Each structure stands twice: as C-alpha cells, then as structure tokens.
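> Mind having a look at this structure? Questions to follow.
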Amino acid sequence: MTEGQTLFLILSLLYLSDCLVWTGGRTVLFSSPWCHQWRASFAGDYFGNADGSVALLNPLPPLGSSFWGHWVPVSMSPSGVCAFTLQAFQGTGRPFQTGIVLAYEEISELRADGKHLLLNGSRFTKCCTAEQAKFLAELIKRVSCEPTEKREKLIRESLVVQFAKEEALNHLAQVSDLAAGMRWTCSSFFIFLYVITPIMVSAYGLIRFVIPVAVVMLLSALFISVIYFRGHKTLFQSQPYDRLSNVVKMILCPPVAIRAADRLTLNAMSRFHPVLLANLLLGSDSLAFARAVIRDLKHPIQHDLTDPRAVSIVSWHAACELDVCTKFLEAQHSTILDELLSPPSWDGVSSAYCPRCSCQFATRLGECPDCPGVELLPFSVAQTSEATHE
Ligand SMILES: [Zn+2]
C-alpha cells in the first residue's frame, strides 16, 4: 500500500467512525438519508448492548438529515417520582432502570450533573441528554413545592408542552434552514477530500499535493466551524461547552467537520415528544408510529417492580402520557383511541389476537409469546362475521 493510500484509508476510517451515532434505548432516530423520505428507527439487537445500539448515518452526499426524539427515564405522579417507565418502545425489552422510588417529601436535594439526575446526593437516573436532566430537575423541583392537589396539573402541562405543534414547526423550519446551507458546504468538502484529492494524488503523487491538501482541509474545517458555531449559538445558547468542544474537534480533525450538520440537528428537536416529531416528519407513516406508542402505553409488557408506590407512580404516569398523546392525535387525525386500539383484521382462522403487537393465534387463552404479560383477547363474533362478509 502506498503512502497516499494509507493516508486515504486513515482519513476514511476517521470519517466513517464519525458517521456512527449511539441510539439509546429511550431514543428514536428520525433520519432522512437522502434528504427526501423520513424513517424512524430504534436501537436494534445488533451492534449494541442493553442500553442501545450504534446506527450508521448516510456517509455520502447529500449526507442526509437526522433528529433524535427522546423519552424521559422518569415516571412522575402527584405522590412521587420513580426511576422507571413502562414503555418498551420496540421489541420486548426495556432499557435498564433502577426503579428507585421517592415521595416528594423525601427529596431534600435535587440537581442535574451532566446527563445524571441526582436526588439527595445520589444518582437517581441517567437521562438521554444534559438538557433532559436539567428539565427534569426543574420540573421535579417545581412539582415538589406545590401541594398534592396542584401537582397533577403541573405534570400534565409538562407533557402537553412537548406537543406544541406550532412551536415545533417554527423550530423545525429554523433548524432546517441553518442545516441546509451547512450541508452543502460539508458535501463539497467531502467531494474534495474523498473524490478530487485521491484522483489528483494517484495521478501526480502525494508529495506534490500534501501541503495544498492540508491547507484546504484546514481552511474548510475552519469555515464549517464558524458556520456551526453561529448555528449552535442560535439553537443552544446555554451549551457553550458542547459548542467549543465540537469546534476544537473539527479543527484538529478536519474530516469530522463533514458531519457538522448532524452535530447541529440531532438534538435540536429533542425537547418535543417523539409522537409529535413523527407527526411532523413521517407523513402517512406517523399514524403507525403513534399506534405502536399508544398500544405500548395501554398494554405494557410485564415489569418486575414490587414496591406498590412505584407501581402506582409508573401506572399513573403512563395513563397521563396516554391521555395527552390521545388528545393530540384526536386533534391531528380525528382519530379516536378506539381506532388506534382496534383489533387487527381477522385472518379467517385465528381465535384471538394480541392487543399490543396485533399477532393472531389459534388459542384463545394465555399471554402473547412475543409480549410477556400481555393477555390475548378473543375475536368477537361481530369481528369474525364482519370479516367473513367482506
Ligand atoms: Zn404481542
């Protein structure tokens, strides 16, 4: 392998490693690899562990667009907080959760430390982002200061603001504007570094081009860093540390600058609920996404909580989130909860179905083998005769 090829391989590996993003167990990745159609993906079974997995963003121009949607790792009710949520998102596994439960009266000290939420000096739970940890710390502080009868309103409002569609639309337009120009610059840099440079080096040799290429790389990285810095300051005013550390990375390792748009957008919409993001991005597929979320909240897989206080808090929180989600969907699609929870079309031979995953079974009794703890529901005579007549 020549020196030029070795250098090209190192630069390619550096770049590809930056196209990999970690998707946590409470996160959905909305991506549009060719800046056209959006899709939603969760942490998979491969290339990861119990807490999440690695996803590959489109490495080729036009580089694609990506947003993360995060669920909170905490359940709240008017009586207390629990480091456990009922959602399993995709598949049948929940991310690791401690299940620690505290009444508000038991909380004497509360603060966010990076992604960690600290209660009474101990780590209560790890959030998806530092902003989510701050948001939860402030929310729990506000709720704990109120009398019990006012807490429900505050918790519900904290969910309702995550469904502010008008605000989300405006913010999405702003983020997309900031990222679009940057993406063109990043794509041009990619073409220079991985198309034009290898051709020139293979034709005329490395020695002649090494200094000009290094200068252009540095200037490109500086230019992209300036655009990124401005965009990040507009979107994330309270995160100067992230801004500076990313700029330093881009200047020290110019191929990293090609993914600058992702660094700007991935968490830019994450204060909104994933169901709202699906509504904005997925088009006709958004209802299927919402249906899966609603069914997961309504028919959660079994959990191993034994503390009655914890069970009460997580059940209350799931019911509250289900209600807020349902009201949002009713307003958007004129879809009522019954339609989202309706049985699947009868296959002509099965006797029962799983209300969570919609699989159909010949047996009428028992749990769904794919959804532990979820009891099968029998098809009614009306449902089977209606399907027969169709
Ligand atoms: Zn099932």
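Letters for chains follow the order of the structure tokens (A, B, ...), residue numbers begin at 1 for each chain, and ligand numbers begin at 1 in the order shown.
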Mind checking which residues fall within 8 Å of A:Ala130, counting only C-alpha atoms, ignoring those fewer than 6 positions away in the same chain, and posting them as a list in words?
Ala112, Asp113, Gly114, Lys115 and His116 of chain A
> Please identify which residues in stretch 130-357 of chain A DSSP calls helix (DSSP H, G or I) from the backbone, and express them as a PyMOL selection string.
chain A and resi 130-145+148-163+165-204+206-235+240-252+254-265+274-281+283-298+308-333+337-340
> Just the strand (DSSP E) stuff from stretch 123-213 of chain A, please, per backbone DSSP, written as a PyMOL selection string.
chain A and resi 123-126
> Using only C-alpha atoms, which residues sit within 12 Å of A:Ser158 once same-chain residues fewer than 2 positions away are excluded, as an mmCIF file with all heavy atoms, in the first residue's frame?

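That gives us part_5.cif:
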```cif
data_model
loop_
_atom_site.group_PDB
_atom_site.id
_atom_site.type_symbol
_atom_site.label_atom_id
_atom_site.label_comp_id
_atom_site.auth_asym_id
_atom_site.auth_seq_id
_atom_site.Cartn_x
_atom_site.Cartn_y
_atom_site.Cartn_z
ATOM 1 N N VAL A 72 -38.490 10.456 28.430
ATOM 2 C CA VAL A 72 -37.841 10.699 29.730
ATOM 3 C C VAL A 72 -37.685 9.366 30.479
ATOM 4 O O VAL A 72 -38.481 8.457 30.299
ATOM 5 C CB VAL A 72 -38.648 11.699 30.601
ATOM 6 C CG1 VAL A 72 -38.661 13.072 29.976
ATOM 7 C CG2 VAL A 72 -40.047 11.196 30.861
ATOM 8 N N MET A 76 -43.540 10.270 36.898
ATOM 9 C CA MET A 76 -43.943 11.177 37.980
ATOM 10 C C MET A 76 -45.444 11.068 38.191
ATOM 11 O O MET A 76 -46.208 10.902 37.236
ATOM 12 C CB MET A 76 -43.601 12.629 37.614
ATOM 13 C CG MET A 76 -42.125 12.899 37.491
ATOM 14 S SD MET A 76 -41.796 14.606 36.957
ATOM 15 C CE MET A 76 -42.370 15.532 38.385
ATOM 16 N N SER A 77 -45.835 11.167 39.428
ATOM 17 C CA SER A 77 -47.263 11.238 39.752
ATOM 18 C C SER A 77 -47.405 12.289 40.858
ATOM 19 O O SER A 77 -46.392 12.792 41.363
ATOM 20 C CB SER A 77 -47.783 9.874 40.229
ATOM 21 O OG SER A 77 -47.482 9.693 41.593
ATOM 22 N N PHE A 135 -34.103 19.710 32.628
ATOM 23 C CA PHE A 135 -35.560 19.862 32.524
ATOM 24 C C PHE A 135 -36.254 19.074 33.643
ATOM 25 O O PHE A 135 -37.146 19.598 34.328
ATOM 26 C CB PHE A 135 -36.020 19.369 31.143
ATOM 27 C CG PHE A 135 -37.494 19.160 31.011
ATOM 28 C CD1 PHE A 135 -38.344 20.236 30.830
ATOM 29 C CD2 PHE A 135 -38.042 17.881 31.071
ATOM 30 C CE1 PHE A 135 -39.720 20.047 30.714
ATOM 31 C CE2 PHE A 135 -39.405 17.677 30.959
ATOM 32 C CZ PHE A 135 -40.254 18.770 30.783
ATOM 33 N N LEU A 136 -35.805 17.836 33.851
ATOM 34 C CA LEU A 136 -36.453 17.004 34.876
ATOM 35 C C LEU A 136 -36.161 17.534 36.282
ATOM 36 O O LEU A 136 -37.041 17.532 37.144
ATOM 37 C CB LEU A 136 -35.977 15.551 34.748
ATOM 38 C CG LEU A 136 -36.608 14.759 33.604
ATOM 39 C CD1 LEU A 136 -35.936 13.400 33.441
ATOM 40 C CD2 LEU A 136 -38.108 14.559 33.839
ATOM 41 N N GLU A 138 -35.660 20.628 37.160
ATOM 42 C CA GLU A 138 -36.505 21.812 37.398
ATOM 43 C C GLU A 138 -37.965 21.418 37.586
ATOM 44 O O GLU A 138 -38.662 21.962 38.440
ATOM 45 C CB GLU A 138 -36.371 22.792 36.222
ATOM 46 C CG GLU A 138 -35.072 23.565 36.275
ATOM 47 C CD GLU A 138 -34.757 24.265 34.957
ATOM 48 O OE1 GLU A 138 -35.688 24.440 34.156
ATOM 49 O OE2 GLU A 138 -33.585 24.616 34.751
ATOM 50 N N LEU A 139 -38.410 20.451 36.791
ATOM 51 C CA LEU A 139 -39.808 20.018 36.898
ATOM 52 C C LEU A 139 -40.083 19.380 38.266
ATOM 53 O O LEU A 139 -41.075 19.720 38.935
ATOM 54 C CB LEU A 139 -40.125 19.023 35.769
ATOM 55 C CG LEU A 139 -41.528 18.429 35.782
ATOM 56 C CD1 LEU A 139 -42.590 19.509 35.577
ATOM 57 C CD2 LEU A 139 -41.676 17.337 34.710
ATOM 58 N N ILE A 140 -39.212 18.485 38.673
ATOM 59 C CA ILE A 140 -39.420 17.809 39.966
ATOM 60 C C ILE A 140 -39.378 18.839 41.102
ATOM 61 O O ILE A 140 -40.165 18.782 42.045
ATOM 62 C CB ILE A 140 -38.370 16.692 40.179
ATOM 63 C CG1 ILE A 140 -38.559 15.598 39.131
ATOM 64 C CG2 ILE A 140 -38.481 16.098 41.579
ATOM 65 C CD1 ILE A 140 -37.459 14.554 39.108
ATOM 66 N N ARG A 142 -40.227 22.048 40.898
ATOM 67 C CA ARG A 142 -41.472 22.821 40.882
ATOM 68 C C ARG A 142 -42.630 22.009 41.442
ATOM 69 O O ARG A 142 -43.426 22.498 42.226
ATOM 70 C CB ARG A 142 -41.797 23.256 39.444
ATOM 71 C CG ARG A 142 -41.096 24.536 39.041
ATOM 72 C CD ARG A 142 -41.700 25.105 37.771
ATOM 73 N NE ARG A 142 -41.510 24.214 36.645
ATOM 74 C CZ ARG A 142 -42.422 23.917 35.740
ATOM 75 N NH1 ARG A 142 -43.619 24.448 35.830
ATOM 76 N NH2 ARG A 142 -42.155 23.111 34.743
ATOM 77 N N VAL A 143 -42.712 20.733 41.005
ATOM 78 C CA VAL A 143 -43.835 19.891 41.437
ATOM 79 C C VAL A 143 -43.768 19.641 42.945
ATOM 80 O O VAL A 143 -44.789 19.686 43.645
ATOM 81 C CB VAL A 143 -43.833 18.549 40.665
ATOM 82 C CG1 VAL A 143 -44.852 17.579 41.261
ATOM 83 C CG2 VAL A 143 -44.137 18.785 39.195
ATOM 84 N N ARG A 151 -50.261 19.228 41.839
ATOM 85 C CA ARG A 151 -49.148 18.564 41.146
ATOM 86 C C ARG A 151 -49.587 17.930 39.831
ATOM 87 O O ARG A 151 -48.844 17.947 38.850
ATOM 88 C CB ARG A 151 -48.534 17.501 42.070
ATOM 89 C CG ARG A 151 -47.768 18.111 43.227
ATOM 90 C CD ARG A 151 -47.306 17.053 44.203
ATOM 91 N NE ARG A 151 -46.595 17.644 45.325
ATOM 92 C CZ ARG A 151 -46.333 17.017 46.460
ATOM 93 N NH1 ARG A 151 -46.753 15.745 46.624
ATOM 94 N NH2 ARG A 151 -45.683 17.611 47.423
ATOM 95 N N GLU A 152 -50.780 17.377 39.808
ATOM 96 C CA GLU A 152 -51.253 16.710 38.586
ATOM 97 C C GLU A 152 -51.235 17.689 37.403
ATOM 98 O O GLU A 152 -50.789 17.347 36.309
ATOM 99 C CB GLU A 152 -52.658 16.147 38.790
ATOM 100 C CG GLU A 152 -53.209 15.541 37.509
ATOM 101 C CD GLU A 152 -54.555 14.864 37.686
ATOM 102 O OE1 GLU A 152 -54.969 14.674 38.847
ATOM 103 O OE2 GLU A 152 -55.171 14.539 36.662
ATOM 104 N N LYS A 153 -51.713 18.914 37.663
ATOM 105 C CA LYS A 153 -51.777 19.922 36.599
ATOM 106 C C LYS A 153 -50.372 20.221 36.050
ATOM 107 O O LYS A 153 -50.167 20.300 34.841
ATOM 108 C CB LYS A 153 -52.416 21.189 37.167
ATOM 109 C CG LYS A 153 -52.663 22.282 36.159
ATOM 110 C CD LYS A 153 -53.567 23.359 36.772
ATOM 111 C CE LYS A 153 -53.730 24.530 35.824
ATOM 112 N NZ LYS A 153 -52.646 25.477 35.884
ATOM 113 N N LEU A 154 -49.410 20.356 36.967
ATOM 114 C CA LEU A 154 -48.043 20.669 36.535
ATOM 115 C C LEU A 154 -47.433 19.541 35.706
ATOM 116 O O LEU A 154 -46.786 19.781 34.686
ATOM 117 C CB LEU A 154 -47.159 20.913 37.772
ATOM 118 C CG LEU A 154 -47.125 22.325 38.334
ATOM 119 C CD1 LEU A 154 -46.207 22.372 39.540
ATOM 120 C CD2 LEU A 154 -46.622 23.304 37.282
ATOM 121 N N ILE A 155 -47.642 18.308 36.162
ATOM 122 C CA ILE A 155 -47.060 17.157 35.436
ATOM 123 C C ILE A 155 -47.706 17.043 34.056
ATOM 124 O O ILE A 155 -47.020 16.838 33.044
ATOM 125 C CB ILE A 155 -47.266 15.848 36.244
ATOM 126 C CG1 ILE A 155 -46.546 15.933 37.587
ATOM 127 C CG2 ILE A 155 -46.762 14.653 35.449
ATOM 128 C CD1 ILE A 155 -46.917 14.839 38.575
ATOM 129 N N ARG A 156 -49.030 17.217 34.030
ATOM 130 C CA ARG A 156 -49.739 17.142 32.743
ATOM 131 C C ARG A 156 -49.247 18.245 31.798
ATOM 132 O O ARG A 156 -49.007 18.018 30.623
ATOM 133 C CB ARG A 156 -51.254 17.254 32.987
ATOM 134 C CG ARG A 156 -52.105 17.244 31.731
ATOM 135 C CD ARG A 156 -53.563 17.211 32.090
ATOM 136 N NE ARG A 156 -53.961 15.896 32.530
ATOM 137 C CZ ARG A 156 -54.379 14.934 31.691
ATOM 138 N NH1 ARG A 156 -54.457 15.174 30.405
ATOM 139 N NH2 ARG A 156 -54.710 13.755 32.138
ATOM 140 N N VAL A 160 -47.891 18.238 27.999
ATOM 141 C CA VAL A 160 -48.610 18.969 26.941
ATOM 142 C C VAL A 160 -47.653 19.883 26.155
ATOM 143 O O VAL A 160 -47.743 19.969 24.935
ATOM 144 C CB VAL A 160 -49.788 19.771 27.550
ATOM 145 C CG1 VAL A 160 -50.388 20.711 26.510
ATOM 146 C CG2 VAL A 160 -50.860 18.823 28.071
ATOM 147 N N VAL A 161 -46.699 20.525 26.843
ATOM 148 C CA VAL A 161 -45.785 21.435 26.128
ATOM 149 C C VAL A 161 -44.910 20.678 25.130
ATOM 150 O O VAL A 161 -44.419 21.257 24.162
ATOM 151 C CB VAL A 161 -44.871 22.252 27.086
ATOM 152 C CG1 VAL A 161 -45.670 23.206 27.917
ATOM 153 C CG2 VAL A 161 -44.012 21.344 27.936
ATOM 154 N N GLN A 162 -44.743 19.385 25.341
ATOM 155 C CA GLN A 162 -43.947 18.593 24.387
ATOM 156 C C GLN A 162 -44.717 18.340 23.089
ATOM 157 O O GLN A 162 -44.175 17.791 22.133
ATOM 158 C CB GLN A 162 -43.555 17.252 25.014
ATOM 159 C CG GLN A 162 -42.626 17.376 26.199
ATOM 160 C CD GLN A 162 -42.376 16.038 26.880
ATOM 161 O OE1 GLN A 162 -42.253 15.008 26.243
ATOM 162 N NE2 GLN A 162 -42.304 16.055 28.195
ATOM 163 N N PHE A 163 -46.010 18.708 23.083
ATOM 164 C CA PHE A 163 -46.841 18.503 21.891
ATOM 165 C C PHE A 163 -47.226 19.840 21.237
ATOM 166 O O PHE A 163 -48.207 19.905 20.517
ATOM 167 C CB PHE A 163 -48.110 17.722 22.264
ATOM 168 C CG PHE A 163 -47.863 16.258 22.528
ATOM 169 C CD1 PHE A 163 -47.538 15.808 23.795
ATOM 170 C CD2 PHE A 163 -47.939 15.330 21.499
ATOM 171 C CE1 PHE A 163 -47.287 14.467 24.038
ATOM 172 C CE2 PHE A 163 -47.693 13.988 21.727
ATOM 173 C CZ PHE A 163 -47.370 13.550 23.002
ATOM 174 N N ALA A 164 -46.452 20.889 21.508
ATOM 175 C CA ALA A 164 -46.761 22.211 20.933
ATOM 176 C C ALA A 164 -46.392 22.219 19.450
ATOM 177 O O ALA A 164 -45.251 22.518 19.071
ATOM 178 C CB ALA A 164 -45.992 23.286 21.697
ATOM 179 N N ARG A 271 -36.620 18.416 22.492
ATOM 180 C CA ARG A 271 -37.479 18.813 23.614
ATOM 181 C C ARG A 271 -38.952 18.510 23.297
ATOM 182 O O ARG A 271 -39.811 18.592 24.159
ATOM 183 C CB ARG A 271 -37.287 20.284 23.956
ATOM 184 C CG ARG A 271 -37.875 21.275 22.971
ATOM 185 C CD ARG A 271 -37.795 22.668 23.597
ATOM 186 N NE ARG A 271 -38.471 23.679 22.845
ATOM 187 C CZ ARG A 271 -37.900 24.475 21.938
ATOM 188 N NH1 ARG A 271 -36.619 24.327 21.681
ATOM 189 N NH2 ARG A 271 -38.594 25.387 21.306
ATOM 190 N N PHE A 272 -39.232 18.158 22.041
ATOM 191 C CA PHE A 272 -40.600 17.808 21.667
ATOM 192 C C PHE A 272 -40.797 16.294 21.756
ATOM 193 O O PHE A 272 -39.843 15.522 21.649
ATOM 194 C CB PHE A 272 -40.893 18.296 20.243
ATOM 195 C CG PHE A 272 -40.773 19.786 20.108
ATOM 196 C CD1 PHE A 272 -39.661 20.367 19.525
ATOM 197 C CD2 PHE A 272 -41.763 20.619 20.608
ATOM 198 C CE1 PHE A 272 -39.529 21.742 19.424
ATOM 199 C CE2 PHE A 272 -41.648 22.006 20.510
ATOM 200 C CZ PHE A 272 -40.528 22.561 19.920
ATOM 201 N N HIS A 273 -42.052 15.893 21.944
ATOM 202 C CA HIS A 273 -42.351 14.474 22.120
ATOM 203 C C HIS A 273 -42.130 13.709 20.814
ATOM 204 O O HIS A 273 -42.465 14.218 19.730
ATOM 205 C CB HIS A 273 -43.819 14.309 22.568
ATOM 206 C CG HIS A 273 -44.099 12.963 23.158
ATOM 207 N ND1 HIS A 273 -44.319 11.855 22.383
ATOM 208 C CD2 HIS A 273 -44.187 12.545 24.441
ATOM 209 C CE1 HIS A 273 -44.544 10.811 23.169
ATOM 210 N NE2 HIS A 273 -44.463 11.193 24.422
ATOM 211 N N HIS A 317 -48.306 7.675 35.535
ATOM 212 C CA HIS A 317 -47.589 8.445 34.515
ATOM 213 C C HIS A 317 -47.915 7.928 33.110
ATOM 214 O O HIS A 317 -48.145 8.717 32.182
ATOM 215 C CB HIS A 317 -46.081 8.364 34.757
ATOM 216 C CG HIS A 317 -45.290 9.292 33.893
ATOM 217 N ND1 HIS A 317 -44.947 10.561 34.273
ATOM 218 C CD2 HIS A 317 -44.795 9.142 32.642
ATOM 219 C CE1 HIS A 317 -44.276 11.158 33.307
ATOM 220 N NE2 HIS A 317 -44.168 10.311 32.300
ATOM 221 N N CYS A 320 -51.325 9.090 32.134
ATOM 222 C CA CYS A 320 -51.324 10.527 31.821
ATOM 223 C C CYS A 320 -50.716 10.763 30.435
ATOM 224 O O CYS A 320 -51.267 11.513 29.616
ATOM 225 C CB CYS A 320 -50.523 11.266 32.901
ATOM 226 S SG CYS A 320 -50.623 13.051 32.753
ATOM 227 N N GLU A 321 -49.605 10.089 30.137
ATOM 228 C CA GLU A 321 -48.971 10.256 28.811
ATOM 229 C C GLU A 321 -49.890 9.724 27.711
ATOM 230 O O GLU A 321 -50.000 10.322 26.641
ATOM 231 C CB GLU A 321 -47.626 9.526 28.783
ATOM 232 C CG GLU A 321 -46.867 9.775 27.492
ATOM 233 C CD GLU A 321 -45.403 9.361 27.556
ATOM 234 O OE1 GLU A 321 -44.901 9.078 28.657
ATOM 235 O OE2 GLU A 321 -44.766 9.322 26.486
ATOM 236 N N VAL A 324 -52.585 12.366 27.102
ATOM 237 C CA VAL A 324 -52.084 13.550 26.376
ATOM 238 C C VAL A 324 -51.810 13.190 24.908
ATOM 239 O O VAL A 324 -52.155 13.936 23.992
ATOM 240 C CB VAL A 324 -50.812 14.107 27.057
ATOM 241 C CG1 VAL A 324 -50.204 15.238 26.242
ATOM 242 C CG2 VAL A 324 -51.143 14.607 28.455
#
```
> Kindly indicate which residue among A:Arg230, A:Arg183, A:Lys126, A:Arg309 lies nearest to A:Ile258, using only C-alpha atoms for the distances.
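Nearest candidate to A:Ile258 out of A:Arg230, A:Arg183, A:Lys126, A:Arg309: A:Arg183.
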> Please find the residues contacting ligand 1 at a distance of at most 12 Å between atoms, with only C-alpha atoms and all ligand atoms counted, and report them as a PyMOL selection string.
chain A and resi 90-92+292+295-296+299-302+344+352-361+366-377
> Would you pick out the contacts of A:Ala278 at 9 Å or less, using only C-alpha atoms, so that residues sharing its chain but fewer than 6 positions from it are not included, and give the list as number ranges by chain?
A: 30, 39-40, 69, 285-287, 289-290
> Go ahead and save the picked residues with C-alpha atoms, as a PDB file, in the first residue's frame.

```pdb
ATOM      1  CA  PHE A  30     -35.643  10.070  12.691  1.00  0.00           C
ATOM      2  CA  ARG A  39     -37.962   6.917   8.616  1.00  0.00           C
ATOM      3  CA  ALA A  40     -37.903   6.114  12.326  1.00  0.00           C
ATOM      4  CA  GLY A  69     -36.561  12.025  19.821  1.00  0.00           C
ATOM      5  CA  ASP A 285     -46.393   6.543   8.447  1.00  0.00           C
ATOM      6  CA  SER A 286     -46.846   8.719  11.532  1.00  0.00           C
ATOM      7  CA  LEU A 287     -50.098   7.014  12.498  1.00  0.00           C
ATOM      8  CA  PHE A 289     -45.721   5.060  14.809  1.00  0.00           C
ATOM      9  CA  ALA A 290     -48.347   6.620  17.090  1.00  0.00           C
TER      10      ALA A 290
END
```
> Using only C-alpha atoms, which of the listed residues (A:Gln97, A:Gln5, A:Ser315, A:Asn49) sits closest to A:Thr23?
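Result for the nearest residue to A:Thr23: A:Asn49.
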> Give me the residues near stretch 187-190 of chain A as a list of chain:residue names, where near means some atom within 10 Å (using only C-alpha atoms) and where sequence neighbours in that chain fewer than 4 positions away do not count.
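That gives A:Tyr15, A:Pro59, A:Leu60, A:Pro61, A:Pro62, A:Leu63, A:Met182, A:Arg183, A:Tyr194, A:Val195, A:Ile196, A:Val216, A:Met217, A:Ser220, A:Ala221, A:Ile224, A:Pro254, A:Pro255, A:Ala257, A:Ile258, A:Arg259.
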> Counting only C-alpha atoms, which of A:Leu118, A:Ile227, A:Leu219, A:Leu235 gets nearest to A:Asn267?
A:Leu235
> Near A:Leu14, within 10 Å and counting only C-alpha atoms, which residues show up once chain neighbours fewer than 5 positions away are dropped, as a PyMOL selection string?
chain A and resi 8-9+19+253-256
> How about saving the chosen residues, N, CA, C and O atoms kept, as a tab-separated table (two decimals), in the first residue's frame?

```
chain	number	residue	atom	x	y	z
A	8	PHE	N	-5.29	7.90	2.81
A	8	PHE	CA	-6.70	7.90	2.41
A	8	PHE	C	-7.50	6.95	3.30
A	8	PHE	O	-8.62	7.28	3.75
A	9	LEU	N	-6.92	5.80	3.61
A	9	LEU	CA	-7.61	4.82	4.47
A	9	LEU	C	-7.82	5.39	5.87
A	9	LEU	O	-8.91	5.28	6.45
A	19	CYS	N	-19.62	8.89	11.37
A	19	CYS	CA	-20.98	8.68	10.82
A	19	CYS	C	-21.78	7.74	11.72
A	19	CYS	O	-22.97	7.51	11.47
A	253	CYS	N	-9.35	17.67	13.68
A	253	CYS	CA	-9.55	16.52	12.81
A	253	CYS	C	-10.55	16.92	11.71
A	253	CYS	O	-11.75	16.67	11.83
A	254	PRO	N	-10.07	17.57	10.64
A	254	PRO	CA	-10.98	18.15	9.63
A	254	PRO	C	-12.05	17.21	9.07
A	254	PRO	O	-13.17	17.68	8.81
A	255	PRO	N	-11.82	15.88	8.86
A	255	PRO	CA	-12.91	15.05	8.34
A	255	PRO	C	-14.15	15.08	9.23
A	255	PRO	O	-15.28	14.90	8.75
A	256	VAL	N	-13.96	15.31	10.53
A	256	VAL	CA	-15.10	15.39	11.46
A	256	VAL	C	-16.05	16.53	11.07
A	256	VAL	O	-17.25	16.46	11.28
```
> Using atom CA of A:His70 and atom CA of A:Arg26 as the two end points, give the distance in Å to one decimal.
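If I compute the distance from atom CA of A:His70 to atom CA of A:Arg26, I get 5.8 Å.
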